file query30.pdb (PDB, C-alpha atoms, pLDDT in the B column)
ATOM      1  CA  MET A1254     -80.607 -34.131 248.356  1.00 36.00           C
ATOM      2  CA  GLU A1255     -80.291 -36.939 250.888  1.00 40.00           C
ATOM      3  CA  ASN A1256     -77.011 -35.524 252.207  1.00 42.00           C
ATOM      4  CA  ARG A1257     -78.595 -32.108 252.726  1.00 44.00           C
ATOM      5  CA  PHE A1258     -81.355 -33.791 254.718  1.00 43.00           C
ATOM      6  CA  ASN A1259     -78.707 -35.556 256.813  1.00 49.00           C
ATOM      7  CA  LEU A1260     -76.998 -32.221 257.414  1.00 54.00           C
ATOM      8  CA  TYR A1261     -80.302 -30.646 258.446  1.00 50.00           C
ATOM      9  CA  SER A1262     -80.874 -33.540 260.854  1.00 50.00           C
ATOM     10  CA  THR A1263     -77.416 -33.097 262.334  1.00 50.00           C
ATOM     11  CA  MET A1264     -77.972 -29.353 262.700  1.00 48.00           C
ATOM     12  CA  LYS A1265     -81.359 -29.926 264.336  1.00 46.00           C
ATOM     13  CA  ASN A1266     -79.974 -32.423 266.844  1.00 49.00           C
ATOM     14  CA  LYS A1267     -76.879 -30.369 267.657  1.00 48.00           C
ATOM     15  CA  ASN A1268     -78.553 -26.972 267.855  1.00 46.00           C
ATOM     16  CA  ASP A1269     -81.989 -27.978 269.179  1.00 46.00           C
ATOM     17  CA  TYR A1270     -84.044 -26.424 266.384  1.00 41.00           C
ATOM     18  CA  PRO A1271     -87.776 -26.987 266.908  1.00 43.00           C
ATOM     19  CA  SER A1272     -89.281 -29.663 264.671  1.00 40.00           C
ATOM     20  CA  GLY A1273     -90.419 -28.289 261.338  1.00 42.00           C
ATOM     21  CA  ASN A1274     -88.456 -25.089 261.905  1.00 41.00           C
ATOM     22  CA  LEU A1275     -85.099 -26.030 260.413  1.00 38.00           C
ATOM     23  CA  PRO A1276     -83.115 -23.139 259.002  1.00 44.00           C
ATOM     24  CA  ASP A1277     -82.184 -22.749 255.390  1.00 56.00           C
ATOM     25  CA  PHE A1278     -78.544 -21.943 254.769  1.00 67.00           C
ATOM     26  CA  ASN A1279     -79.070 -18.208 254.217  1.00 69.00           C
ATOM     27  CA  GLU A1280     -78.736 -15.701 257.023  1.00 73.00           C
ATOM     28  CA  THR A1281     -78.302 -18.386 259.645  1.00 80.00           C
ATOM     29  CA  GLU A1282     -75.711 -19.192 262.282  1.00 85.00           C
ATOM     30  CA  ILE A1283     -74.192 -22.650 262.465  1.00 87.00           C
ATOM     31  CA  LYS A1284     -71.832 -23.422 265.325  1.00 89.00           C
ATOM     32  CA  ASP A1285     -70.129 -26.297 267.121  1.00 90.00           C
ATOM     33  CA  LEU A1286     -70.767 -28.847 264.390  1.00 89.00           C
ATOM     34  CA  ILE A1287     -68.681 -31.578 262.762  1.00 90.00           C
ATOM     35  CA  MET A1288     -69.548 -32.487 259.170  1.00 89.00           C
ATOM     36  CA  ASN A1289     -68.058 -35.616 257.602  1.00 90.00           C
ATOM     37  CA  ASP A1290     -68.245 -37.122 254.112  1.00 89.00           C
ATOM     38  CA  LEU A1291     -71.026 -35.007 252.601  1.00 87.00           C
ATOM     39  CA  ASN A1292     -71.810 -34.021 249.040  1.00 86.00           C
ATOM     40  CA  LEU A1293     -73.080 -30.449 249.300  1.00 85.00           C
ATOM     41  CA  ASN A1294     -72.382 -29.439 245.713  1.00 87.00           C
ATOM     42  CA  ASN A1295     -74.161 -26.261 244.607  1.00 86.00           C
ATOM     43  CA  LEU A1296     -74.960 -25.290 248.209  1.00 86.00           C
ATOM     44  CA  ILE A1297     -76.040 -21.665 248.608  1.00 86.00           C
ATOM     45  CA  SER A1298     -75.281 -19.957 251.924  1.00 87.00           C
ATOM     46  CA  VAL A1299     -75.471 -16.168 251.888  1.00 88.00           C
ATOM     47  CA  LYS A1300     -74.909 -13.857 254.861  1.00 89.00           C
ATOM     48  CA  SER A1301     -74.441 -16.781 257.251  1.00 91.00           C
ATOM     49  CA  LYS A1302     -72.065 -17.342 260.161  1.00 93.00           C
ATOM     50  CA  TYR A1303     -70.152 -20.549 260.761  1.00 94.00           C
ATOM     51  CA  SER A1304     -68.148 -20.813 263.963  1.00 95.00           C
ATOM     52  CA  PHE A1305     -66.273 -23.765 265.423  1.00 95.00           C
ATOM     53  CA  VAL A1306     -67.415 -25.963 262.532  1.00 94.00           C
ATOM     54  CA  GLU A1307     -65.258 -28.801 261.252  1.00 95.00           C
ATOM     55  CA  PHE A1308     -65.635 -29.738 257.573  1.00 95.00           C
ATOM     56  CA  ASN A1309     -64.091 -33.149 256.737  1.00 95.00           C
ATOM     57  CA  ASN A1310     -64.122 -34.600 253.226  1.00 95.00           C
ATOM     58  CA  ILE A1311     -66.914 -32.309 252.000  1.00 94.00           C
ATOM     59  CA  LEU A1312     -67.786 -31.704 248.337  1.00 93.00           C
ATOM     60  CA  LEU A1313     -68.758 -28.063 247.806  1.00 93.00           C
ATOM     61  CA  TYR A1314     -68.388 -27.906 244.025  1.00 94.00           C
ATOM     62  CA  ALA A1315     -69.893 -24.660 242.700  1.00 92.00           C
ATOM     63  CA  ALA A1316     -71.049 -23.617 246.182  1.00 91.00           C
ATOM     64  CA  TYR A1317     -72.075 -20.000 246.789  1.00 91.00           C
ATOM     65  CA  PHE A1318     -70.867 -18.603 250.132  1.00 92.00           C
ATOM     66  CA  VAL A1319     -71.121 -14.870 249.437  1.00 90.00           C
ATOM     67  CA  GLN A1320     -71.009 -12.460 252.404  1.00 93.00           C
ATOM     68  CA  THR A1321     -70.586 -15.356 254.808  1.00 95.00           C
ATOM     69  CA  SER A1322     -68.209 -15.544 257.767  1.00 97.00           C
ATOM     70  CA  PHE A1323     -66.226 -18.506 259.024  1.00 98.00           C
ATOM     71  CA  GLN A1324     -64.535 -18.258 262.415  1.00 98.00           C
ATOM     72  CA  ASP A1325     -62.398 -20.924 264.094  1.00 98.00           C
ATOM     73  CA  CYS A1326     -63.340 -23.496 261.451  1.00 98.00           C
ATOM     74  CA  ILE A1327     -61.314 -26.442 260.181  1.00 98.00           C
ATOM     75  CA  PHE A1328     -61.554 -27.497 256.541  1.00 98.00           C
ATOM     76  CA  GLN A1329     -59.909 -30.821 255.725  1.00 98.00           C
ATOM     77  CA  LYS A1330     -60.125 -32.290 252.202  1.00 98.00           C
ATOM     78  CA  VAL A1331     -62.864 -29.858 251.196  1.00 98.00           C
ATOM     79  CA  ASP A1332     -63.476 -29.346 247.483  1.00 98.00           C
ATOM     80  CA  PHE A1333     -64.394 -25.708 246.757  1.00 98.00           C
ATOM     81  CA  THR A1334     -63.875 -26.161 242.977  1.00 98.00           C
ATOM     82  CA  LYS A1335     -65.735 -23.454 241.023  1.00 97.00           C
ATOM     83  CA  SER A1336     -67.171 -22.000 244.256  1.00 97.00           C
ATOM     84  CA  ASN A1337     -67.932 -18.315 244.794  1.00 96.00           C
ATOM     85  CA  LEU A1338     -66.534 -17.024 248.096  1.00 97.00           C
ATOM     86  CA  ASN A1339     -66.718 -13.295 247.370  1.00 97.00           C
ATOM     87  CA  GLU A1340     -66.955 -10.866 250.285  1.00 97.00           C
ATOM     88  CA  THR A1341     -66.524 -13.751 252.721  1.00 97.00           C
ATOM     89  CA  SER A1342     -64.456 -13.601 255.889  1.00 98.00           C
ATOM     90  CA  PHE A1343     -62.235 -16.316 257.291  1.00 98.00           C
ATOM     91  CA  THR A1344     -60.885 -15.730 260.802  1.00 98.00           C
ATOM     92  CA  SER A1345     -58.609 -18.222 262.569  1.00 98.00           C
ATOM     93  CA  CYS A1346     -59.432 -21.008 260.109  1.00 98.00           C
ATOM     94  CA  VAL A1347     -57.291 -23.930 258.989  1.00 98.00           C
ATOM     95  CA  PHE A1348     -57.462 -25.418 255.481  1.00 98.00           C
ATOM     96  CA  ILE A1349     -55.735 -28.773 254.906  1.00 98.00           C
ATOM     97  CA  SER A1350     -55.594 -30.414 251.463  1.00 98.00           C
ATOM     98  CA  CYS A1351     -58.446 -28.299 250.094  1.00 98.00           C
ATOM     99  CA  SER A1352     -59.084 -27.510 246.449  1.00 98.00           C
ATOM    100  CA  PHE A1353     -59.974 -23.992 245.358  1.00 98.00           C
ATOM    101  CA  ALA A1354     -59.512 -24.826 241.661  1.00 97.00           C
ATOM    102  CA  ARG A1355     -61.375 -22.335 239.464  1.00 97.00           C
ATOM    103  CA  ALA A1356     -62.932 -20.750 242.582  1.00 98.00           C
ATOM    104  CA  GLU A1357     -63.485 -17.011 242.911  1.00 97.00           C
ATOM    105  CA  ILE A1358     -62.516 -15.156 246.071  1.00 98.00           C
ATOM    106  CA  ILE A1359     -62.767 -11.382 245.679  1.00 97.00           C
ATOM    107  CA  GLY A1360     -63.168  -8.802 248.435  1.00 98.00           C
ATOM    108  CA  ALA A1361     -62.703 -11.338 251.233  1.00 98.00           C
ATOM    109  CA  HIS A1362     -61.053 -10.908 254.629  1.00 98.00           C
ATOM    110  CA  VAL A1363     -58.585 -13.644 255.555  1.00 98.00           C
ATOM    111  CA  ILE A1364     -57.205 -13.195 259.062  1.00 98.00           C
ATOM    112  CA  ASN A1365     -54.955 -15.533 261.057  1.00 98.00           C
ATOM    113  CA  CYS A1366     -55.506 -18.534 258.775  1.00 98.00           C
ATOM    114  CA  THR A1367     -53.378 -21.427 257.565  1.00 98.00           C
ATOM    115  CA  PHE A1368     -53.676 -23.028 254.137  1.00 98.00           C
ATOM    116  CA  LYS A1369     -51.670 -26.280 253.980  1.00 98.00           C
ATOM    117  CA  GLU A1370     -51.301 -28.337 250.784  1.00 97.00           C
ATOM    118  CA  CYS A1371     -54.119 -26.464 249.026  1.00 97.00           C
ATOM    119  CA  ASN A1372     -54.804 -26.316 245.296  1.00 97.00           C
ATOM    120  CA  PHE A1373     -55.217 -22.796 243.855  1.00 97.00           C
ATOM    121  CA  ASN A1374     -55.244 -23.918 240.205  1.00 96.00           C
ATOM    122  CA  SER A1375     -56.988 -21.268 238.054  1.00 97.00           C
ATOM    123  CA  ILE A1376     -58.342 -19.452 241.131  1.00 97.00           C
ATOM    124  CA  ILE A1377     -59.283 -15.787 241.026  1.00 97.00           C
ATOM    125  CA  PHE A1378     -57.993 -14.438 244.353  1.00 97.00           C
ATOM    126  CA  SER A1379     -58.009 -10.634 244.211  1.00 97.00           C
ATOM    127  CA  GLU A1380     -58.786  -7.480 246.157  1.00 98.00           C
ATOM    128  CA  ASN A1381     -58.740  -9.368 249.468  1.00 98.00           C
ATOM    129  CA  THR A1382     -57.497  -8.154 252.834  1.00 98.00           C
ATOM    130  CA  ILE A1383     -55.139 -10.767 254.264  1.00 98.00           C
ATOM    131  CA  SER A1384     -53.219 -10.694 257.547  1.00 98.00           C
ATOM    132  CA  ASN A1385     -51.257 -13.134 259.719  1.00 98.00           C
ATOM    133  CA  THR A1386     -51.852 -15.943 257.232  1.00 98.00           C
ATOM    134  CA  GLN A1387     -49.679 -18.664 255.738  1.00 98.00           C
ATOM    135  CA  PHE A1388     -50.349 -20.221 252.351  1.00 97.00           C
ATOM    136  CA  GLU A1389     -48.777 -23.516 251.277  1.00 96.00           C
ATOM    137  CA  ILE A1390     -49.994 -23.971 247.716  1.00 96.00           C
ATOM    138  CA  THR A1391     -49.454 -27.194 245.762  1.00 95.00           C
ATOM    139  CA  ASP A1392     -50.804 -25.938 242.418  1.00 92.00           C
ATOM    140  CA  GLN A1393     -51.331 -22.338 241.335  1.00 92.00           C
ATOM    141  CA  SER A1394     -51.219 -22.840 237.556  1.00 93.00           C
ATOM    142  CA  TYR A1395     -52.959 -20.060 235.655  1.00 92.00           C
ATOM    143  CA  ALA A1396     -54.132 -18.491 238.906  1.00 94.00           C
ATOM    144  CA  VAL A1397     -54.941 -14.799 239.232  1.00 95.00           C
ATOM    145  CA  ILE A1398     -53.582 -13.791 242.632  1.00 94.00           C
ATOM    146  CA  ASN A1399     -53.181 -10.029 242.744  1.00 94.00           C
ATOM    147  CA  ASP A1400     -54.272  -6.675 244.159  1.00 96.00           C
ATOM    148  CA  ASN A1401     -54.550  -8.085 247.686  1.00 97.00           C
ATOM    149  CA  THR A1402     -53.721  -6.025 250.768  1.00 97.00           C
ATOM    150  CA  GLU A1403     -51.328  -8.166 252.806  1.00 97.00           C
ATOM    151  CA  THR A1404     -49.849  -7.856 256.308  1.00 97.00           C
ATOM    152  CA  ASP A1405     -47.621 -10.642 257.722  1.00 98.00           C
ATOM    153  CA  VAL A1406     -48.512 -13.089 254.947  1.00 97.00           C
ATOM    154  CA  THR A1407     -46.307 -15.987 253.835  1.00 96.00           C
ATOM    155  CA  TRP A1408     -46.697 -17.656 250.448  1.00 96.00           C
ATOM    156  CA  VAL A1409     -45.022 -21.014 249.776  1.00 95.00           C
ATOM    157  CA  PHE A1410     -45.476 -22.581 246.338  1.00 90.00           C
ATOM    158  CA  GLU A1411     -44.478 -26.221 245.947  1.00 81.00           C
TER     159      GLU A1411
END

call {"tool": "encode", "arguments": {"input": "query30.pdb", "output": "C-alpha cells"}}
result
Amino acid sequence: MENRFNLYSTMKNKNDYPSGNLPDFNETEIKDLIMNDLNLNNLISVKSKYSFVEFNNILLYAAYFVQTSFQDCIFQKVDFTKSNLNETSFTSCVFISCSFARAEIIGAHVINCTFKECNFNSIIFSENTISNTQFEITDQSYAVINDNTETDVTWVFE
C-alpha cells in the first residue's frame, strides 16, 4: 500500500492534481512519468491511457490492465506475471527484460513495438492485431501464441 501512496504522490507532483483529488487508476490518463522500483502487484487500471511513461523494475504481478492504452512507453524489468492485458493497446512501446509468464493478452493491438529478452513462459497470446513489431523471446515454454493477425512481425526465440 505504501508504494501505491508513493506513486500517487509522484503523479500528484508531476501532473499537478489538486490536493485530495488524486485519480484512481481507472479511466484516467497518466503521462510524462518515470516510475522506479515499485511493487504494484494486483493493480487494477481499466480504460486508462498511459503515454510517455517509463516503468523501471516494477512488480505488476496479477495486474489488471484491461481496455487500457500505452503509447510511447518504456518497460524495463517489469514483471507482468499472471497479469490480464486483454483488449489493451501498445503503440510504439519498448519492453526490455520483462516477464509475461502466465499472463493473458487476448484481443490486444500491438503496433510498432519491440520486445527484447522477454519471458513468454505459459502466456496466452491470441487473437491480437500486431504490426511492425519485433519479439525477442527468451522463454516461451508451454505458451499459447496463435490466431494473431500479423503484419511485418519478427519472432526470435532464443

call {"tool": "resolve_selection", "arguments": {"input": "query30.pdb", "expression": "the PyMOL selection byres ((chain A and resi 1290) around 8)", "output": "VMD selection string"}}
result
chain A and resid 1288 to 1289 1291 to 1292 1309 to 1312

call {"tool": "write_last_selection", "arguments": {"input": "query30.pdb", "atoms": "C-alpha atoms", "output": "PDB file, in the coordinates of the input"}}
result
ATOM      1  CA  MET A1288     -69.548 -32.487 259.170  1.00 89.00           C
ATOM      2  CA  ASN A1289     -68.058 -35.616 257.602  1.00 90.00           C
ATOM      3  CA  LEU A1291     -71.026 -35.007 252.601  1.00 87.00           C
ATOM      4  CA  ASN A1292     -71.810 -34.021 249.040  1.00 86.00           C
ATOM      5  CA  ASN A1309     -64.091 -33.149 256.737  1.00 95.00           C
ATOM      6  CA  ASN A1310     -64.122 -34.600 253.226  1.00 95.00           C
ATOM      7  CA  ILE A1311     -66.914 -32.309 252.000  1.00 94.00           C
ATOM      8  CA  LEU A1312     -67.786 -31.704 248.337  1.00 93.00           C
TER       9      LEU A1312
END

call {"tool": "resolve_selection", "arguments": {"input": "query30.pdb", "expression": "the PyMOL selection byres ((chain A and resi 1390) around 10)", "output": "list in words"}}
result
Ser1350, Cys1351, Ser1352, Phe1368, Lys1369, Glu1370, Cys1371, Asn1372, Phe1373, Asn1374, Gln1387, Phe1388, Glu1389, Thr1391, Asp1392, Gln1393, Trp1408, Val1409, Phe1410 and Glu1411 of chain A

call {"tool": "write_last_selection", "arguments": {"input": "query30.pdb", "atoms": "C-alpha atoms", "output": "tab-separated table (two decimals), in the coordinates of the input"}}
result
chain	number	residue	atom	x	y	z
A	1350	SER	CA	-55.59	-30.41	251.46
A	1351	CYS	CA	-58.45	-28.30	250.09
A	1352	SER	CA	-59.08	-27.51	246.45
A	1368	PHE	CA	-53.68	-23.03	254.14
A	1369	LYS	CA	-51.67	-26.28	253.98
A	1370	GLU	CA	-51.30	-28.34	250.78
A	1371	CYS	CA	-54.12	-26.46	249.03
A	1372	ASN	CA	-54.80	-26.32	245.30
A	1373	PHE	CA	-55.22	-22.80	243.86
A	1374	ASN	CA	-55.24	-23.92	240.20
A	1387	GLN	CA	-49.68	-18.66	255.74
A	1388	PHE	CA	-50.35	-20.22	252.35
A	1389	GLU	CA	-48.78	-23.52	251.28
A	1391	THR	CA	-49.45	-27.19	245.76
A	1392	ASP	CA	-50.80	-25.94	242.42
A	1393	GLN	CA	-51.33	-22.34	241.34
A	1408	TRP	CA	-46.70	-17.66	250.45
A	1409	VAL	CA	-45.02	-21.01	249.78
A	1410	PHE	CA	-45.48	-22.58	246.34
A	1411	GLU	CA	-44.48	-26.22	245.95

call {"tool": "residues_around", "arguments": {"input": "query30.pdb", "residues": "A:Ser1322", "least_positions_apart": "2", "cutoff": "7 Å", "atoms": "all atoms listed in the file", "output": "ChimeraX atom specification"}}
result
/A:1301-1303,1320,1324,1341-1343

call {"tool": "resolve_selection", "arguments": {"input": "query30.pdb", "expression": "the PyMOL selection byres ((chain A and resi 1379) around 10)", "output": "list in words"}}
result
Asn1339, Glu1357, Ile1358, Ile1359, Gly1360, Ala1361, Ile1376, Ile1377, Phe1378, Glu1380, Asn1381, Thr1382, Val1397, Ile1398, Asn1399, Asp1400, Asn1401 and Thr1402 of chain A

call {"tool": "closest_residue", "arguments": {"input": "query30.pdb", "among": "A:Arg1355, A:Glu1280, A:Ile1287, A:Val1347", "to": "A:Val1319", "atoms": "all atoms listed in the file"}}
result
A:Glu1280

call {"tool": "atom_distance", "arguments": {"input": "query30.pdb", "atom1": "atom CA of A:Asp1285", "atom2": "atom CA of A:Glu1307"}}
result
8.0 Å

call {"tool": "build_atoms", "arguments": {"input": "query30.pdb", "residues": "stretch 1359-1393 of chain A", "atoms": "N, CA and C atoms", "output": "mmCIF file, in the frame of the given file"}}
result
data_model
loop_
_atom_site.group_PDB
_atom_site.id
_atom_site.type_symbol
_atom_site.label_atom_id
_atom_site.label_comp_id
_atom_site.auth_asym_id
_atom_site.auth_seq_id
_atom_site.Cartn_x
_atom_site.Cartn_y
_atom_site.Cartn_z
ATOM 1 N N ILE A 1359 -63.028 -12.805 245.907
ATOM 2 C CA ILE A 1359 -62.767 -11.382 245.679
ATOM 3 C C ILE A 1359 -63.404 -10.595 246.823
ATOM 4 N N GLY A 1360 -62.636 -9.665 247.376
ATOM 5 C CA GLY A 1360 -63.168 -8.802 248.435
ATOM 6 C C GLY A 1360 -63.349 -9.515 249.768
ATOM 7 N N ALA A 1361 -62.603 -10.579 249.982
ATOM 8 C CA ALA A 1361 -62.703 -11.338 251.233
ATOM 9 C C ALA A 1361 -61.736 -10.805 252.285
ATOM 10 N N HIS A 1362 -61.955 -11.201 253.519
ATOM 11 C CA HIS A 1362 -61.053 -10.908 254.629
ATOM 12 C C HIS A 1362 -60.539 -12.240 255.146
ATOM 13 N N VAL A 1363 -59.220 -12.408 255.117
ATOM 14 C CA VAL A 1363 -58.585 -13.644 255.555
ATOM 15 C C VAL A 1363 -57.619 -13.265 256.672
ATOM 16 N N ILE A 1364 -57.964 -13.636 257.897
ATOM 17 C CA ILE A 1364 -57.205 -13.195 259.062
ATOM 18 C C ILE A 1364 -56.797 -14.397 259.910
ATOM 19 N N ASN A 1365 -55.496 -14.500 260.179
ATOM 20 C CA ASN A 1365 -54.955 -15.533 261.057
ATOM 21 C C ASN A 1365 -55.344 -16.942 260.610
ATOM 22 N N CYS A 1366 -55.147 -17.232 259.332
ATOM 23 C CA CYS A 1366 -55.506 -18.534 258.775
ATOM 24 C C CYS A 1366 -54.266 -19.279 258.292
ATOM 25 N N THR A 1367 -54.428 -20.583 258.112
ATOM 26 C CA THR A 1367 -53.378 -21.427 257.565
ATOM 27 C C THR A 1367 -53.967 -22.262 256.441
ATOM 28 N N PHE A 1368 -53.308 -22.215 255.286
ATOM 29 C CA PHE A 1368 -53.676 -23.028 254.137
ATOM 30 C C PHE A 1368 -52.513 -23.990 253.915
ATOM 31 N N LYS A 1369 -52.740 -25.289 254.110
ATOM 32 C CA LYS A 1369 -51.670 -26.280 253.980
ATOM 33 C C LYS A 1369 -52.032 -27.274 252.881
ATOM 34 N N GLU A 1370 -51.121 -27.411 251.902
ATOM 35 C CA GLU A 1370 -51.301 -28.337 250.784
ATOM 36 C C GLU A 1370 -52.611 -28.085 250.035
ATOM 37 N N CYS A 1371 -52.890 -26.824 249.727
ATOM 38 C CA CYS A 1371 -54.119 -26.464 249.026
ATOM 39 C C CYS A 1371 -53.856 -26.210 247.544
ATOM 40 N N ASN A 1372 -54.864 -26.477 246.735
ATOM 41 C CA ASN A 1372 -54.804 -26.316 245.296
ATOM 42 C C ASN A 1372 -55.478 -24.995 244.914
ATOM 43 N N PHE A 1373 -54.699 -24.082 244.321
ATOM 44 C CA PHE A 1373 -55.217 -22.796 243.855
ATOM 45 C C PHE A 1373 -55.184 -22.731 242.331
ATOM 46 N N ASN A 1374 -55.293 -23.875 241.655
ATOM 47 C CA ASN A 1374 -55.244 -23.918 240.205
ATOM 48 C C ASN A 1374 -56.384 -23.095 239.598
ATOM 49 N N SER A 1375 -56.027 -22.118 238.781
ATOM 50 C CA SER A 1375 -56.988 -21.268 238.054
ATOM 51 C C SER A 1375 -57.926 -20.478 238.971
ATOM 52 N N ILE A 1376 -57.525 -20.242 240.208
ATOM 53 C CA ILE A 1376 -58.342 -19.452 241.131
ATOM 54 C C ILE A 1376 -58.269 -17.974 240.751
ATOM 55 N N ILE A 1377 -59.317 -17.248 241.074
ATOM 56 C CA ILE A 1377 -59.283 -15.787 241.026
ATOM 57 C C ILE A 1377 -59.314 -15.343 242.483
ATOM 58 N N PHE A 1378 -58.185 -14.798 242.942
ATOM 59 C CA PHE A 1378 -57.993 -14.438 244.353
ATOM 60 C C PHE A 1378 -57.477 -13.009 244.380
ATOM 61 N N SER A 1379 -58.390 -12.041 244.382
ATOM 62 C CA SER A 1379 -58.009 -10.634 244.211
ATOM 63 C C SER A 1379 -58.791 -9.719 245.136
ATOM 64 N N GLU A 1380 -58.160 -8.561 245.402
ATOM 65 C CA GLU A 1380 -58.786 -7.480 246.157
ATOM 66 C C GLU A 1380 -59.208 -7.921 247.560
ATOM 67 N N ASN A 1381 -58.462 -8.861 248.124
ATOM 68 C CA ASN A 1381 -58.740 -9.368 249.468
ATOM 69 C C ASN A 1381 -57.858 -8.669 250.494
ATOM 70 N N THR A 1382 -58.298 -8.648 251.723
ATOM 71 C CA THR A 1382 -57.497 -8.154 252.834
ATOM 72 C C THR A 1382 -57.029 -9.375 253.605
ATOM 73 N N ILE A 1383 -55.705 -9.560 253.668
ATOM 74 C CA ILE A 1383 -55.139 -10.767 254.264
ATOM 75 C C ILE A 1383 -54.122 -10.367 255.323
ATOM 76 N N SER A 1384 -54.218 -10.973 256.514
ATOM 77 C CA SER A 1384 -53.219 -10.694 257.547
ATOM 78 C C SER A 1384 -52.948 -11.941 258.383
ATOM 79 N N ASN A 1385 -51.695 -12.034 258.855
ATOM 80 C CA ASN A 1385 -51.257 -13.134 259.719
ATOM 81 C C ASN A 1385 -51.672 -14.494 259.168
ATOM 82 N N THR A 1386 -51.406 -14.725 257.907
ATOM 83 C CA THR A 1386 -51.852 -15.943 257.232
ATOM 84 C C THR A 1386 -50.699 -16.589 256.484
ATOM 85 N N GLN A 1387 -50.688 -17.924 256.477
ATOM 86 C CA GLN A 1387 -49.679 -18.664 255.738
ATOM 87 C C GLN A 1387 -50.360 -19.537 254.692
ATOM 88 N N PHE A 1388 -49.845 -19.428 253.458
ATOM 89 C CA PHE A 1388 -50.349 -20.221 252.351
ATOM 90 C C PHE A 1388 -49.282 -21.216 251.925
ATOM 91 N N GLU A 1389 -49.624 -22.491 251.861
ATOM 92 C CA GLU A 1389 -48.777 -23.516 251.277
ATOM 93 C C GLU A 1389 -49.582 -24.083 250.111
ATOM 94 N N ILE A 1390 -49.211 -23.664 248.913
ATOM 95 C CA ILE A 1390 -49.994 -23.971 247.716
ATOM 96 C C ILE A 1390 -49.294 -25.052 246.903
ATOM 97 N N THR A 1391 -50.033 -26.110 246.548
ATOM 98 C CA THR A 1391 -49.454 -27.194 245.762
ATOM 99 C C THR A 1391 -49.594 -26.951 244.263
ATOM 100 N N ASP A 1392 -50.615 -26.224 243.841
ATOM 101 C CA ASP A 1392 -50.804 -25.938 242.418
ATOM 102 C C ASP A 1392 -51.455 -24.572 242.280
ATOM 103 N N GLN A 1393 -50.783 -23.669 241.568
ATOM 104 C CA GLN A 1393 -51.331 -22.338 241.335
ATOM 105 C C GLN A 1393 -51.324 -22.010 239.841
#
